[in-house]
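Let me begin by presenting the structure, written as structure tokens, before commenting on it.
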Amino acid sequence: MTQDASVPDSAAPGGSPFRSARSGRDEAPQFVLPLVVRIERAAPPARTDALETAARAVLVMLSDERSVGDGEWARAVRDWQDARIRKVVRRARGAEWRRAQELPGITVTGKAAEVRVFPPVPLDGWPKELAKLQVSGTELDDPEPPAAADPGAPVLWLNPGVEMSAGKAMAQAGHGAQLAWWELSDEERVAWRDAGFPLAVRTADPARWQELLVSGLPLVRDAGFTEIAPGPTVVTEGGGHVCPLRPERRP
């Protein structure tokens, strides 16, 4: 399940890597960011916990010293961001999860959720340990309604009119977190990272969603290649303390 989306061109240098119309990014070698969520049969994570952990995992990868400068993952991350920005969420348990842990990557833990993010790989060059993991049908539930989001942290608002599997929603949350990252200065990125990347993922109520769509905040538009029709999926609203998305920097 490759998750593609589109956002305004100003969200990334050189035009949006999420836009569905063909561009020069389509001519570049294509890469994908693999994420694997641990789902043990007897103790699956809550859906919101998994979504928030996946979003933080994307940020952890982007901010890791191996992903920038001359780091060992930096070339792969640059190549990934120069082309379409794809994310694929797979699930694992037991021995599958243990094998995934042996590959280079970073495991991020939420309240109970565990997500391992790996440096980008060629679209057709997945490690065999990851390629055989299941993609479709990743479903999770929230046993209780999520608490109100912290007003001082970024909130990734999901479209209330779109039904997505947990895997799809995790990838979309990752897109939204990446848009927040792009909005920030180096100093703001350091502050957010040092705070542990606080954020929340919530589903907006219909009236609030309509307000968000015209707010000028960063917006993820899915290209419709998998699972859902093309259209808006996530609006990223920054908190005022750790990760302010300043109006003058919004697309």
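Residues in the structure tokens are numbered from 1 in each chain, the chains being A, B, ... in the order shown, and ligands are numbered from 1 in the order shown.
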
Quick one: everything within 7 Å of range 203-212 of chain A, counting only C-alpha atoms, minus sequence neighbours fewer than 5 positions away in the same chain. Send it as a compact mmCIF listing (two decimals) with N, CA, C and O atoms, in the first residue's frame.
# COMPACT_ATOMS: atom_id res chain seq x y z
N TRP A 157 -5.03 16.83 12.01
CA TRP A 157 -6.48 16.63 11.95
C TRP A 157 -6.83 15.76 10.76
O TRP A 157 -6.51 16.10 9.61
N LEU A 158 -7.52 14.66 11.01
CA LEU A 158 -7.94 13.74 9.96
C LEU A 158 -9.31 14.15 9.42
O LEU A 158 -10.17 14.62 10.16
N ASN A 159 -9.49 13.93 8.14
CA ASN A 159 -10.76 14.21 7.47
C ASN A 159 -11.85 13.29 8.02
O ASN A 159 -11.75 12.06 7.90
N PRO A 160 -12.93 13.84 8.60
CA PRO A 160 -13.97 12.98 9.19
C PRO A 160 -14.82 12.27 8.14
O PRO A 160 -15.55 11.33 8.47
N VAL A 235 -5.00 17.94 7.86
CA VAL A 235 -4.57 19.33 8.03
C VAL A 235 -3.67 19.38 9.26
O VAL A 235 -4.01 18.83 10.31

List every residue of range 73-247 of chain A that DSSP, applied to the backbone of this structure, places in strand (DSSP E), and write the result as a PyMOL selection string. chain A and resi 86-92+106-109+114-117+121-122+155-158+200-203+219-222+231-237

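In this structure, CA of Pro29 in chain A sits 24.2 Å away from CA of Ala173 in chain A.
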
Report the closest atom pair, with its distance in Å rounded to one decimal, for each residue of range 108-156 of chain A that has an atom no farther than 12 Å from range 60-74 of chain A; count only C-alpha atoms, sort by chain and then rising residue number, and write it as a tab-separated table.
residue	atom	partner	partner_atom	distance
A:Val108	CA	A:Val60	CA	8.1
A:Thr109	CA	A:Val60	CA	11.3
A:Val115	CA	A:Val60	CA	11.2
A:Arg116	CA	A:Met61	CA	9.9
A:Val117	CA	A:Met61	CA	7.0
A:Phe118	CA	A:Met61	CA	7.7
A:Pro119	CA	A:Trp73	CA	6.2
A:Pro120	CA	A:Trp73	CA	8.1
A:Val121	CA	A:Trp73	CA	10.2

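As for CA of Gly238 in chain A and CA of His175 in chain A, they are spaced 14.3 Å apart.
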
Might you pull out every residue within 7 Å of Leu199 in chain A, with only C-alpha atoms counted and same-chain residues fewer than 6 positions away left off, and present them as a count of residues only? 3

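CA of Asp222 in chain A is positioned 27.8 Å from CA of Lys128 in chain A.
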
Per residue of range 20-89 of chain A within 10 Å of range 178-189 of chain A, which atom pair is closest and at what distance in Å (one decimal), using only C-alpha atoms, listed by chain and increasing number, as a Markdown table?
| residue | atom | partner | partner_atom | distance |
| --- | --- | --- | --- | --- |
| A:Ala55 | CA | A:Gln178 | CA | 8.1 |
| A:Arg56 | CA | A:Gln178 | CA | 9.4 |
| A:Val58 | CA | A:Gln178 | CA | 7.1 |
| A:Leu59 | CA | A:Gln178 | CA | 6.7 |
| A:Leu62 | CA | A:Gln178 | CA | 8.3 |
| A:Ser63 | CA | A:Arg189 | CA | 8.1 |
| A:Ile85 | CA | A:Gln178 | CA | 10.0 |

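Distance check against Ala171 in chain A using only C-alpha atoms: of A:Pro34, A:Gly94, A:Pro146, A:Pro122, the minimum falls on A:Pro34.
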
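If only C-alpha atoms are the atoms counted, then among A:Ala149, A:Lys168, A:Ala42, A:Ala54 the closest residue to Ile106 in chain A is A:Ala54.
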
Please return, as a ChimeraX atom specification, all residues of range 82-212 of chain A that DSSP assigns to helix (DSSP H, G or I) on the basis of the backbone. /A:82,94-101,128-131,166-183,186-194,206-212

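Among the candidate residues A:Ala112, A:Val214, A:Ala131, A:Ala200, the one lying nearest to Val88 in chain A is A:Ala131, with distances computed using only C-alpha atoms.
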
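The smallest atom-to-atom distance between Ser136 in chain A and any of A:Gly167, A:Pro198, A:Gly110, A:Gly231, using only C-alpha atoms, is found for A:Gly167.
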